[in-house]
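Below: one structure, written as structure tokens.
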Amino acid sequence: MKKAIVAACLALVLCLPLAALADEVKIGFHAPLTGWAAADGQSALRGAQLAVEFINADGGINGNKVAMVYYDDRIEAKESVIVARKLIESDRVVGVVSGSYSTPTRAAAPIYDRNKVPYISTIGTHPEIPMNRDYVFQIAVMSPIHGRVGAWMAAETLKAKSAVLLVMDNDFGSAVTDGFRIMAPKYGINILKEYNYPLGEKDFRSLLSNIKNDNPDVLWASGYYEEAAQIAKQAKELGLKATIIGQEGYDSPKFFELAGDATNGVVITTNLDRGSQSPMAQKFLAEFFKQHKVAADMVAASAFDGMLVMAHAIKTAGTKPDDIAKAIGEMKNFEGVATGPLLAFDAQGVVTRYIPVQIVKDQAFTSLTVCKDPKLITP
Amino acid sequence: MGTFLENLVTGAALGSIYALISIGMTMVYGLLKILHVAHAGVYVFGALLGLLAFRLTGSILFAFPAAVLGCALMGYLLYRFMYRRVQDEKPLIPLIVGIGMFTAMGDAYRLAAGPYSISFEHGLAQTGIVLGTFHISFNQVLVIGSAAALLVLVWLMVNKTKTGLAWRASAQDREVAMGIGVNSNYMFGLNFMFGSALAGIAGVLVGLYYGAVNANMGEVWAYKVFVVMVLGGLGNVTGTVIAAYLLGLAETFIISSWGYFLPRDAIAFICMILVLILMPNGVMGKRKQV
Amino acid sequence: MIPAYYHTIMTFTCINILLSLSIGVLAGYAGQVSLGHAAFMAIGAYASAMLTVTFKVSFWLAMPAAALVSAMVGLLLGVIALRLKEDFLAITTMGLNFIVIGVLLYAPYFGKALGIGDIPVPMLFGEEMGRGMYTALCLALVAGVVAAVWWLQRSWIGLAWRGIREAQDVAQVMGVNIAKFKIFAFVISTAIAGIAGSLYAHFLLFITPYDFGFPLSIQILTLAVLGGLGAIRGPVLGAILLTILPEYLRFIQDYRMLTYGLLLVLVMMYQPQGLFGHKSFLTEGLKRLFGGEEKIRGRAA
Amino acid sequence: MDVLLEIQGLSKNFGGLKALSNVDITLKPKEILGVIGPNGAGKTTLFNCINGLYRPDSGVIRFEGRPIQALGPDRIARLGIARTFQNIELFANMRTMENIMLGRHVHMRTGIFRGAAMWGRRSFAGREERAHRLTVETIIDLLGLQAVRDKLVGGLPYGTQKLVELARALALEPRLLLLDEPCAGMTAEEKQDMIFWIKDLQDELGVTILLIEHDMRMVMDISDRILAINFGRPIALGAPEAVRRHPDVLEAYLGKQERREPAA
Amino acid sequence: MNPLLEIRNIETYYDLIYAIRGASLAVDEGSITAILGTNGAGKSTILKTLMGLIEDQPDKGEILFDGRRIDGRDTEAIVRGGIAYVPEGREVFEELSVRENLLLGAFTRKDRDGIRRDVQRVLDYFPVLAERSHQWAGTLSGGEQQMLAIGRALMNRPRLLCLDEPSLGLAPLLVQEIFHIIRQINAEGVTILLVEQNARMALAIAHRGLILENGRFVLAGSAADLLQDPNVQEFYLGVRSTASAKGYQRWKRKRRWR
């Protein structure tokens with residue numbers, strides 16, 4: 001039996017094609033192309049592909065074309081580890097960009113770090129991803145910041161005095177809420193109650209009935225667009241008056257498709273400012289719409305940016321991992337991206353950036369305000 | 001008070017959906033002693049077909065017949081080409097076959113319809129009845145009302161028709177029923193078609209209720225139906241309907257009072273396991289084993 | 001030197017073999033099917049991770065402890081199983097999967113949805129184990145478990161298990177204490193799943209409850225069923241096949257659950273003994289190819 | 001000891017059906033007692049009560065002076081009661097050898113962990129193991145099963161399966177053997193063999209046998225005494241000749257006696 | 001005149017058992033024919049084979065009903081053709097009402113009015129059932145259940161009624177009543193094929209009898225002849241004129257154990 005195992009392993013080793021070396025610059029990418037997060041994964045992939053197109057149209061990196069090698073991580077930790085190994089060992093990529101949520105990104109981060117492959121998390125917001133890792137960076141805003149900005153905005157812009165929290169039970173949901181929970185009292189917002197719900201829940205009616213009784217000014221509801229759409233819709237059905245505050249998890253055209261009119265008035269914190277005057281942002285939004293006939297969302301924009309940041313670092317520092325990591329870490333006020341300037345990376349490798357706040361009008365996100373308070377936006 | 005009434009309506013709507021989905025599976029269990037997991041796949045099929053018909057014609061009135069016909073056909077095919085081959089095997093084999101088929105169906109739907117929710121909005125969704133703070137949406141009325149009508153239909157079908165009589169007879173003793181001229185395989189096929197058609201309607205209703213259809217919307221239900229079946233007494237249609245409403249209401253009120261101290265399904269499964277251990281024949285089960 | 005990528009694949013293959021064997025012991029020998037084995041893997045993984053992270057216990061102690069914790073829950077399930085018919089046992093185990101995940105997700109003690117991160121890499125001779133060493137450890141454990149299962153299979157216990165699987169009442173009439181042996185099967189099986197969980201945790205170094213959901217249970221079952229229940233050969237080869245094949249055929253990835261599902265259906269309908277089980281077309285074909293091993297052995301006896 | 005098995009006032013009901021009511025049997029060592037009765041008379045229920053598959057509603061069953069009616073089937077098997085089944089109940093996916101070996105289970109004295117000791121042709125075998133294997137080989141030899149010892153029993157001919165079942169029961173080295181229709185479905189020749197074997201078991205091994213059989217000729221030939229039951233009640237017990245002429249037995253099998261007079 | 005039912009040399013395997021080993025039988029229209037035999041002789045198997053209840057059987061042979069082949073056809077078609085079957089052991093549907101049980105007996109019929117009339121007719125026939133027509137059949141006594149089973153079979157308006165051990169497990173008085181009913185049904189023109197263990201009882205009402213042993217008919221004749229045949233007793237009670245097995249020469253070498 002053991003012989004059989006050994007034989008099978010040997011066969012595997014012999015048969016898999018070894019990576020060929022080429023003079024193009026290979027950048028790895030992974031996103032959940034299947035699984036429950038596939039909508040975001042597809043979007044991220046489109047954003048990243050668009051970035052590669054822009055870079056190559058611009059003459060590539062120092063004359064070499066950029067080739068993106070991408071794999072599906074199925075939104076599973078296990079799979080993203082395999083993908084990491086594959087990208088590092090078989091494809092020998094120069095750097096890797098993650099277009100995936102926190103869970104797969106968090107599982108893969110230590111592997112890239114140990115193997116000295118620069119790795120950028122674009123939408124994975126968990127604080128642990130870049131922690132103590134020299135080669136791992138995060139251009140997504142850290143989760144608690146969304147909460148802080150949400151609290152600030154509720155108090156300053158919406159003049160809210162009371163809030164109820166609706167917390168999705170996964171890492172994203174609880175991490176973003178942490179920021180709100182801590183910051184809200186400081187702005188004089190009274191947190192009346194806190195409810196949690198499981199990821200993938202569809203029926204919020206019994207919770208919303210309670211919340212209607214609590215009668216808060218704002219409802220802080222963490223979630224992804226599927227949950228958000230049901231919350232918005234059922235809140236309207238039940239006649240809930242409170243303004244719903246969401247985060248970048250809401251930022252998807254699907255949100256409008258699913259919840260229709262009920263989305264109007266929902267406020268979110270995100271990192272894609274639709275009203276941005278930056279040329280790259282406008283070019284990106286226009287080209288994305290031209291290619292795919294849907295408006296780009298924050299996921300696509302973030303993945304797009306991740307690719308650009310990686311390419312820019314390689315362009316300035318060459319292909320040595322240490323140099324790339326150093327170049328990313330030292331970036332300041334990088335403007336050539338779609339989601340607003342990347343102000344700086346801190347010692348941990350997390351970006352500091354302004355946080356746009358968007359409000360839904362006629363089923364589209366429009367700018368409400370932008371948070372530039374360093375107290376809030378510094379990780 | 002308003003909250004209580006709203007929860008009552010929410011729970012009843014949830015219970016209606018549980019009931020419609022569970023009936024087909026319960027009947028199959030009663031007749032063939034098979035745990036028909038792929039039933040949830042039929043339910044999703046109904047939702048998708050309904051959506052397709054709605055998109056093509058622009059009217060939800062066409063969604064229901066499309067789902068009924070498509071699901072009945074699918075139910076029949078599942079029986080004819082899958083379960084019929086394994087119906088006399090150990091109960092585990094049809095169970096695993098069903099799980100395999102359901103898994104494959106779920107993935108096939110995902111490939112066909114995409115991995116994301118698709119909007120299934122009809123114009124009336126946002127309307128409803130408002131009495132002070134108490135709101136009932138049109139969707140809830142639709143779900144509860146059509147479920148009630150369908151349950152009456154099921155009752156008539158099972159208790160007042162020759163086919164229903166044959167089902168009940170075959171459930172008790174297949175060989176004797178065959179011996180007096182009931183064509184059992186044909187009756188089983190019919191039963192699959194009927195239960196599947198109900199599941200199809202349930203699919204459309206759920207789609208309308210949440211305004212969205214998703215390729216993996218069957219995943220929770222596939223296994224939750226077991227809970228309803230076990231609580232309802234394994235193959236007992238009346239018991240299943242009662243259990244479905246009880247579960248819907250209990251879930252709603254528990255969540256309303258204590259929040260999710262555990263995920264909804266975990267709570268339901270704990271109930272089921274306790275019932276199985278304490279009363280292996282189910283709460284309403286009365287069938288004696290000789 | 002074998003590239004690390006292959007280490008990863010081999011490690012996952014080993015973990016899958018362990019899981020598949022654990023189903024094999026339960027379903028193949030004792031005839032009890034579990035549709036919730038991911039739960040036991042989760043228990044093993046969490047036990048091992050929490051012991052090493054929270055209590056700073058060495059991996060070498062945490063792994064057996066994980067097996068033990070998992071086996072304790074298995075013991076409980078075994079006691080419950082005595083009361084249930086086989087298909088209801090199956091859905092009870094399925095329910096157990098949902099419950100365990102629910103508890104891990106909601107009890108603050110287990111780190112909730114954030115899971116447990118920073119799980120230490122096992123230490124060997126005072127330094128962190130390399131990936132190669134870890135793969136070697138996995139292979140050694142697989143070899144050990146295979147040997148143990150093989151031993152059990154040839155023992156009186158294995159005989160009694162198979163008796164229970166074939167005809168419970170009759171085995172009882174032959175003097176087999178059904179309760180004792182059934183529970184023992186659950187304990188062994190869940191202990192193996194616990195070991196697999198521990199290996200998984202210390203390989204990924206970070207676990208969340210979502211890693212051990214019901215789809216994983218289905219995959220575990222598919223591994224064993226596809227290979228063929230009841231022998232070591234079946235579950236082991238099934239696990240190797242289903243772990244390595246998708247790596248070759250990455251295009252299949254998108255159709256993965258579709259493939260698993262259809263495989264389950266087809267195997268159960270047409271080849272319930274599994275691809276490598278007794279009298280399957282593959283085994284028979286191989287036998288014919290290699291010249292009637294059975295015949296020769298028959299003559300010798 | 002002059003009483004091996006003593007049954008007093010044994011009753012068993014299923015719902016409203018009285019499957020057994022007030023059965024008394026005393027069985028002497030080395031005796032063959034045939035049990036006859038029409039279909040549904042309660043014969044198999046009697047067996048199921050003796051070996052613990054059913055728990056009787058009332059009554060006492062003593063085996064070698066020890067009450068056993070409350071014990072589980074595995075405990076009863078350990079005391080030395082083995083049985084065969086009406087419809088063959090073999091472990092179909094196991095080999096003949098393994099089926100018989102499982103019959104030795106009760107003689108495996110060790111606990112669950114030491115029970116993990118190996119057995120098998122090529123493997124190390126302890127003294128106890130070797131003794132077990134020897135016994136099994138002897139049984140295989142006795143019943144002429146050498147040719148099929150390594151075959152899966154599911155594929156064996158019907159008569160052979162019946163023999164394997166008998167062999168498995170013998171492997172327990174029982175003091176009391178319950179045979180439920182050992183000859184059902186057999187050809188005349190196989191029946192003939194079976195009769196001889198059962199006789200041998202009694203003569204040479206001193207096994208006490210309780211036998212259900214419908215082939216009257218066979219039962220009459222081989223039994224020392226016969227018990228006839230109908231409607232769960234014993235209607236006659238005694239020497240074959242006497243039972244055969246018992247009016248109740250005649251009625252049970254042939255119908256009411258007086259009906260014959262007008263016809264005759 | 002051709003017989004109503006003719007079985008020509010059928011052989012049936014029941015699972016592994018070679019249960020019917022070449023049996024032939026003819027039942028004349030309007031007669032009562034009794035198949036006698038001990039347990040396990042294969043009596044029930046003959047009826048099940050006839051009704052098409054054993055898949056893919058008979059293995060060999062032909063079954064003709066009213067001159068047409070019916071072997072290998074679906075049970076439903078056979079029932080529709082005019083054969084009704086009362087299974088062994090009063091198998092009524094316990095959780096259906098008496099009336100529903102009767103309706104099921106007419107399952108293959110389409111004429112609503114006729115069915116309604118026949119339900120009434122059967123209830124008239126068995127007044128005990130009429131009193132309880134809305135009760136669950138499971139609440140009836142053994143004798144009543146047997147009557148219901150027979151009544152259910154009559155709902156099919158059969159030309160041939162097959163009864164499998166109607167006396168099984170019934171007290172003697174009830175058995176007499178049942179047999180009385182059977183004779184009455186026959187008098188109304190229904191041909192009856194009766195499988196019985198209780199020989200005297202069966203032969204008392206039958207015109208013809210056959211004795212089945214080990215899957216073969218070993219004796220056939222008119223009921224009166226059979227009643228007087230000394231062999232009948234032998235088949236049932238093992239009286240034998242030849243030497244016993246104890247006297248046979250053993251053809252296999254005796255082996256010693258231990």
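By order of appearance in the structure tokens: chains A, B, ..., then residues from 1 within every chain, and ligands from 1 in the order shown.
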
message: Among segment 12-245 of chain E, which residues does DSSP mark as alpha helix (DSSP H) when it is run on the backbone? Keep the chain and numbering as in the structure and answer as a PyMOL selection string.
response: chain E and resi 43-51+75-80+98-105+112-125+127-131+142-154+172-187+199-205+223-228+230-237

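With the cut-off set to 7 Å and only C-alpha atoms counted, chain E residues close to chain B are E:Met51, E:Leu53, E:Thr75, E:Glu76, E:Val79, E:Ala84, E:Tyr85, E:Pro87, E:Glu91, E:Phe93, E:Leu104, E:Gly105, E:Phe107, E:Thr108.
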
Restricting the output to all heavy atoms, write the selected residues as a CSV table (one decimal), in the first residue's frame.
chain,number,residue,atom,x,y,z
E,51,MET,N,-49.7,-14.3,-10.0
E,51,MET,CA,-50.1,-12.9,-9.9
E,51,MET,C,-49.0,-12.0,-10.5
E,51,MET,O,-49.1,-10.7,-10.5
E,51,MET,CB,-50.4,-12.4,-8.5
E,51,MET,CG,-51.6,-13.1,-7.9
E,51,MET,SD,-53.1,-13.0,-8.8
E,51,MET,CE,-53.4,-11.2,-8.8
E,53,LEU,N,-46.1,-11.3,-9.1
E,53,LEU,CA,-45.5,-10.6,-8.0
E,53,LEU,C,-44.1,-10.8,-7.7
E,53,LEU,O,-43.4,-10.2,-7.0
E,53,LEU,CB,-46.3,-10.8,-6.7
E,53,LEU,CG,-47.7,-10.2,-6.6
E,53,LEU,CD1,-48.5,-10.7,-5.4
E,53,LEU,CD2,-47.5,-8.7,-6.5
E,75,THR,N,-48.5,-7.1,-12.8
E,75,THR,CA,-49.6,-7.5,-11.9
E,75,THR,C,-50.9,-6.8,-12.2
E,75,THR,O,-52.0,-7.4,-12.2
E,75,THR,CB,-49.2,-7.2,-10.4
E,75,THR,OG1,-48.0,-7.9,-10.2
E,75,THR,CG2,-50.2,-7.8,-9.5
E,76,GLU,N,-50.7,-5.5,-12.5
E,76,GLU,CA,-51.9,-4.7,-12.8
E,76,GLU,C,-52.7,-5.2,-13.9
E,76,GLU,O,-53.9,-5.3,-13.9
E,76,GLU,CB,-51.4,-3.3,-13.1
E,76,GLU,CG,-52.5,-2.3,-13.2
E,76,GLU,CD,-52.2,-1.1,-14.0
E,76,GLU,OE1,-51.0,-1.0,-14.5
E,76,GLU,OE2,-53.1,-0.3,-14.3
E,79,VAL,N,-54.5,-8.4,-12.9
E,79,VAL,CA,-55.7,-8.1,-12.1
E,79,VAL,C,-56.8,-7.6,-12.9
E,79,VAL,O,-57.9,-8.0,-12.8
E,79,VAL,CB,-55.3,-7.1,-11.0
E,79,VAL,CG1,-56.5,-6.6,-10.2
E,79,VAL,CG2,-54.3,-7.7,-10.0
E,84,ALA,N,-58.4,-12.0,-9.0
E,84,ALA,CA,-58.2,-11.3,-7.8
E,84,ALA,C,-57.5,-12.1,-6.8
E,84,ALA,O,-57.5,-13.4,-6.9
E,84,ALA,CB,-59.6,-10.8,-7.2
E,85,TYR,N,-56.8,-11.5,-5.9
E,85,TYR,CA,-55.8,-12.2,-5.0
E,85,TYR,C,-56.0,-11.7,-3.6
E,85,TYR,O,-56.1,-10.6,-3.3
E,85,TYR,CB,-54.4,-11.8,-5.5
E,85,TYR,CG,-53.3,-12.2,-4.7
E,85,TYR,CD1,-53.0,-13.6,-4.4
E,85,TYR,CD2,-52.4,-11.3,-4.2
E,85,TYR,CE1,-51.9,-13.9,-3.6
E,85,TYR,CE2,-51.3,-11.6,-3.4
E,85,TYR,CZ,-51.1,-13.0,-3.1
E,85,TYR,OH,-50.0,-13.3,-2.4
E,87,PRO,N,-54.0,-12.0,-0.3
E,87,PRO,CA,-52.7,-12.5,0.2
E,87,PRO,C,-52.8,-13.2,1.6
E,87,PRO,O,-53.8,-13.1,2.3
E,87,PRO,CB,-51.9,-11.2,0.3
E,87,PRO,CG,-52.9,-10.1,0.4
E,87,PRO,CD,-54.1,-10.6,-0.3
E,91,GLU,N,-53.7,-9.4,4.8
E,91,GLU,CA,-53.0,-8.1,4.6
E,91,GLU,C,-54.0,-7.0,4.2
E,91,GLU,O,-54.1,-6.7,3.0
E,91,GLU,CB,-51.9,-8.3,3.6
E,91,GLU,CG,-50.8,-9.3,4.0
E,91,GLU,CD,-49.8,-8.6,4.9
E,91,GLU,OE1,-50.0,-7.4,5.2
E,91,GLU,OE2,-48.9,-9.3,5.3
E,93,PHE,N,-55.0,-2.9,4.6
E,93,PHE,CA,-54.3,-1.7,4.8
E,93,PHE,C,-54.8,-1.1,6.1
E,93,PHE,O,-55.9,-0.6,6.2
E,93,PHE,CB,-54.5,-0.7,3.7
E,93,PHE,CG,-54.0,-1.2,2.4
E,93,PHE,CD1,-54.9,-1.6,1.4
E,93,PHE,CD2,-52.6,-1.4,2.2
E,93,PHE,CE1,-54.4,-2.1,0.2
E,93,PHE,CE2,-52.2,-1.9,1.0
E,93,PHE,CZ,-53.0,-2.3,0.0
E,104,LEU,N,-60.0,0.4,-3.0
E,104,LEU,CA,-58.8,0.0,-3.6
E,104,LEU,C,-58.9,-1.3,-4.3
E,104,LEU,O,-58.2,-1.6,-5.3
E,104,LEU,CB,-57.7,-0.2,-2.5
E,104,LEU,CG,-56.9,1.1,-2.2
E,104,LEU,CD1,-56.1,0.9,-0.9
E,104,LEU,CD2,-56.0,1.4,-3.3
E,105,GLY,N,-59.8,-2.2,-3.9
E,105,GLY,CA,-60.0,-3.5,-4.6
E,105,GLY,C,-60.5,-3.2,-6.0
E,105,GLY,O,-60.3,-4.1,-6.9
E,107,PHE,N,-59.5,-0.9,-7.9
E,107,PHE,CA,-58.6,0.1,-8.4
E,107,PHE,C,-58.4,0.1,-9.9
E,107,PHE,O,-58.3,1.1,-10.6
E,107,PHE,CB,-57.2,-0.1,-7.8
E,107,PHE,CG,-56.3,1.1,-8.0
E,107,PHE,CD1,-56.4,2.2,-7.3
E,107,PHE,CD2,-55.3,1.1,-9.0
E,107,PHE,CE1,-55.7,3.3,-7.5
E,107,PHE,CE2,-54.5,2.1,-9.3
E,107,PHE,CZ,-54.7,3.3,-8.5
E,108,THR,N,-58.5,-1.1,-10.5
E,108,THR,CA,-58.3,-1.2,-12.0
E,108,THR,C,-59.6,-0.9,-12.7
E,108,THR,O,-59.6,-0.9,-13.9
E,108,THR,CB,-57.8,-2.5,-12.4
E,108,THR,OG1,-58.7,-3.5,-11.9
E,108,THR,CG2,-56.4,-2.8,-11.8

task: Find the spatial neighbours of segment 48-56 of chain C, counting only C-alpha atoms, within a cut-off of 10 Å - ignore same-chain residues fewer than 2 positions away - and output them as a PyMOL selection string.
output: chain C and resi 42-46+58-67+69+109-111+115-122+194-195+197-202+205-207

Output C-alpha atoms of each residue in that selection to a file, as a PDB file, in the first residue's frame.
ATOM      1  CA  ALA C  42     -12.988  20.550  12.936  1.00  0.00           C
ATOM      2  CA  ILE C  43     -12.928  19.317  16.509  1.00  0.00           C
ATOM      3  CA  GLY C  44      -9.465  17.865  16.001  1.00  0.00           C
ATOM      4  CA  ALA C  45      -8.209  20.992  14.291  1.00  0.00           C
ATOM      5  CA  TYR C  46      -9.614  23.314  16.927  1.00  0.00           C
ATOM      6  CA  SER C  58       3.745  21.247  22.165  1.00  0.00           C
ATOM      7  CA  PHE C  59       2.360  20.018  18.867  1.00  0.00           C
ATOM      8  CA  TRP C  60       3.510  16.508  19.693  1.00  0.00           C
ATOM      9  CA  LEU C  61       1.190  16.460  22.681  1.00  0.00           C
ATOM     10  CA  ALA C  62      -1.559  18.467  21.041  1.00  0.00           C
ATOM     11  CA  MET C  63      -2.055  16.073  18.167  1.00  0.00           C
ATOM     12  CA  PRO C  64      -2.808  12.995  20.287  1.00  0.00           C
ATOM     13  CA  ALA C  65      -4.922  15.218  22.501  1.00  0.00           C
ATOM     14  CA  ALA C  66      -6.849  16.380  19.440  1.00  0.00           C
ATOM     15  CA  ALA C  67      -7.436  12.777  18.475  1.00  0.00           C
ATOM     16  CA  VAL C  69     -11.040  15.064  22.098  1.00  0.00           C
ATOM     17  CA  TYR C 109     -14.137  30.866  23.380  1.00  0.00           C
ATOM     18  CA  PHE C 110     -13.369  29.449  19.955  1.00  0.00           C
ATOM     19  CA  GLY C 111     -12.502  32.734  18.326  1.00  0.00           C
ATOM     20  CA  GLY C 115     -11.011  31.533  13.570  1.00  0.00           C
ATOM     21  CA  ILE C 116      -7.685  30.818  15.136  1.00  0.00           C
ATOM     22  CA  GLY C 117      -4.605  32.284  13.559  1.00  0.00           C
ATOM     23  CA  ASP C 118      -0.892  32.115  14.239  1.00  0.00           C
ATOM     24  CA  ILE C 119      -0.937  28.419  14.890  1.00  0.00           C
ATOM     25  CA  PRO C 120       2.683  27.472  15.496  1.00  0.00           C
ATOM     26  CA  VAL C 121       4.612  25.355  13.077  1.00  0.00           C
ATOM     27  CA  PRO C 122       5.505  22.084  14.813  1.00  0.00           C
ATOM     28  CA  GLY C 194      -9.151  14.315  14.676  1.00  0.00           C
ATOM     29  CA  ILE C 195      -5.575  13.564  13.658  1.00  0.00           C
ATOM     30  CA  GLY C 197      -7.806  17.921  11.586  1.00  0.00           C
ATOM     31  CA  SER C 198      -4.709  18.518  13.670  1.00  0.00           C
ATOM     32  CA  LEU C 199      -2.459  18.046  10.647  1.00  0.00           C
ATOM     33  CA  TYR C 200      -4.630  20.445   8.690  1.00  0.00           C
ATOM     34  CA  ALA C 201      -4.473  23.106  11.388  1.00  0.00           C
ATOM     35  CA  HIS C 202      -0.721  22.969  11.733  1.00  0.00           C
ATOM     36  CA  LEU C 205      -1.575  27.719  10.467  1.00  0.00           C
ATOM     37  CA  PHE C 206      -4.953  29.393  10.479  1.00  0.00           C
ATOM     38  CA  ILE C 207      -8.420  27.891  10.659  1.00  0.00           C
TER      39      ILE C 207
END

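Shell of segment 134-138 of chain E at 9 Å, with only C-alpha atoms counted and residues fewer than 4 places along the chain excluded, is E:Val92, E:Phe93, E:Glu94, E:Glu95, E:Leu96, E:Ser97, E:Val98, E:Arg99, E:Glu100, E:Asn101, E:Ala130, E:Glu144, E:Gln145, E:Leu148.
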
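Atom CA of Arg205 of chain A is positioned 9.0 Å from atom CA of Ser256 of chain B.
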
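Ranking B:Lys160, B:Lys224, B:His36, B:Arg55 by their shortest atom-to-atom distance to Met101 of chain B, with only C-alpha atoms included, puts B:His36 first.
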
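Look at segment 166-183 of chain A: the protein and nucleic acid residues within 7 Å of it, using only C-alpha atoms and passing over chain neighbours fewer than 3 places away, are Ser143, Pro144, Ile145, His146, Gly147, Arg148, Gly150, Ala151, Lys186, Tyr187, Glu194, Tyr195, Asn196, Tyr197, Pro198, Leu199, Trp220, Ala221, Ser222 and Gly223 of chain A; Ala113 and Leu114 of chain C.
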
Dump as a CSV table (one decimal), in the first residue's frame, selection limited to N, CA and C atoms:
chain,number,residue,atom,x,y,z
A,143,SER,N,-10.6,46.9,8.3
A,143,SER,CA,-12.0,46.9,8.7
A,143,SER,C,-12.4,47.9,9.7
A,144,PRO,N,-11.8,48.0,10.9
A,144,PRO,CA,-12.3,48.9,11.9
A,144,PRO,C,-12.4,50.3,11.4
A,145,ILE,N,-11.6,50.7,10.4
A,145,ILE,CA,-11.7,52.1,10.0
A,145,ILE,C,-13.1,52.4,9.4
A,146,HIS,N,-13.6,51.4,8.6
A,146,HIS,CA,-15.0,51.6,8.1
A,146,HIS,C,-15.9,51.9,9.2
A,147,GLY,N,-15.8,51.2,10.3
A,147,GLY,CA,-16.6,51.4,11.5
A,147,GLY,C,-16.5,52.8,12.0
A,148,ARG,N,-15.2,53.2,12.2
A,148,ARG,CA,-14.9,54.5,12.7
A,148,ARG,C,-15.5,55.6,11.8
A,150,GLY,N,-17.9,55.3,9.7
A,150,GLY,CA,-19.3,55.2,9.7
A,150,GLY,C,-19.9,56.0,10.9
A,151,ALA,N,-19.2,55.8,12.1
A,151,ALA,CA,-19.7,56.5,13.3
A,151,ALA,C,-19.6,58.0,13.1
A,186,LYS,N,-18.1,58.1,21.3
A,186,LYS,CA,-17.3,59.3,21.4
A,186,LYS,C,-17.9,60.5,20.6
A,187,TYR,N,-18.8,60.1,19.6
A,187,TYR,CA,-19.5,61.1,18.9
A,187,TYR,C,-20.9,61.3,19.4
A,194,GLU,N,-27.7,45.5,20.0
A,194,GLU,CA,-26.8,44.9,19.0
A,194,GLU,C,-27.4,43.5,18.6
A,195,TYR,N,-27.6,43.2,17.4
A,195,TYR,CA,-28.1,41.9,16.9
A,195,TYR,C,-27.0,41.3,16.0
A,196,ASN,N,-26.9,40.0,16.1
A,196,ASN,CA,-26.0,39.4,15.1
A,196,ASN,C,-26.8,38.4,14.2
A,197,TYR,N,-26.3,38.1,13.1
A,197,TYR,CA,-26.9,37.2,12.1
A,197,TYR,C,-25.9,36.4,11.4
A,198,PRO,N,-26.2,35.2,11.0
A,198,PRO,CA,-25.2,34.4,10.3
A,198,PRO,C,-25.1,34.8,8.8
A,199,LEU,N,-23.9,34.7,8.3
A,199,LEU,CA,-23.6,34.9,6.9
A,199,LEU,C,-24.5,34.0,6.0
A,220,TRP,N,-26.7,50.5,11.8
A,220,TRP,CA,-25.4,50.1,11.3
A,220,TRP,C,-25.5,48.6,10.9
A,221,ALA,N,-25.5,48.3,9.7
A,221,ALA,CA,-25.7,46.9,9.3
A,221,ALA,C,-24.4,46.4,8.5
A,222,SER,N,-23.7,45.5,9.1
A,222,SER,CA,-22.5,45.0,8.3
A,222,SER,C,-23.0,43.8,7.4
A,223,GLY,N,-22.4,43.7,6.3
A,223,GLY,CA,-22.8,42.6,5.5
A,223,GLY,C,-22.2,42.7,4.0
C,113,ALA,N,-16.0,33.8,14.3
C,113,ALA,CA,-15.8,33.7,12.8
C,113,ALA,C,-14.3,34.0,12.4
C,114,LEU,N,-13.6,34.7,13.3
C,114,LEU,CA,-12.2,35.0,13.0
C,114,LEU,C,-11.3,33.8,13.0

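Separating atom CA of Thr12 of chain E from atom CA of Glu89 of chain D is a distance of 21.5 Å.
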
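Looking only at segment 162-210 of chain A, the set that DSSP places in strand (DSSP E) from backbone geometry is Ser162, Ala163, Val164, Leu165, Leu166, Val167, Met168, Asn190, Ile191, Leu192, Lys193, Glu194, Tyr195, Asn196 and Tyr197 of chain A.
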
field: 7 Å contacts from chain A to chain C using only C-alpha atoms, as a PyMOL selection string
entry: chain A and resi 2+34+76+82+85-86+89+107+169-171
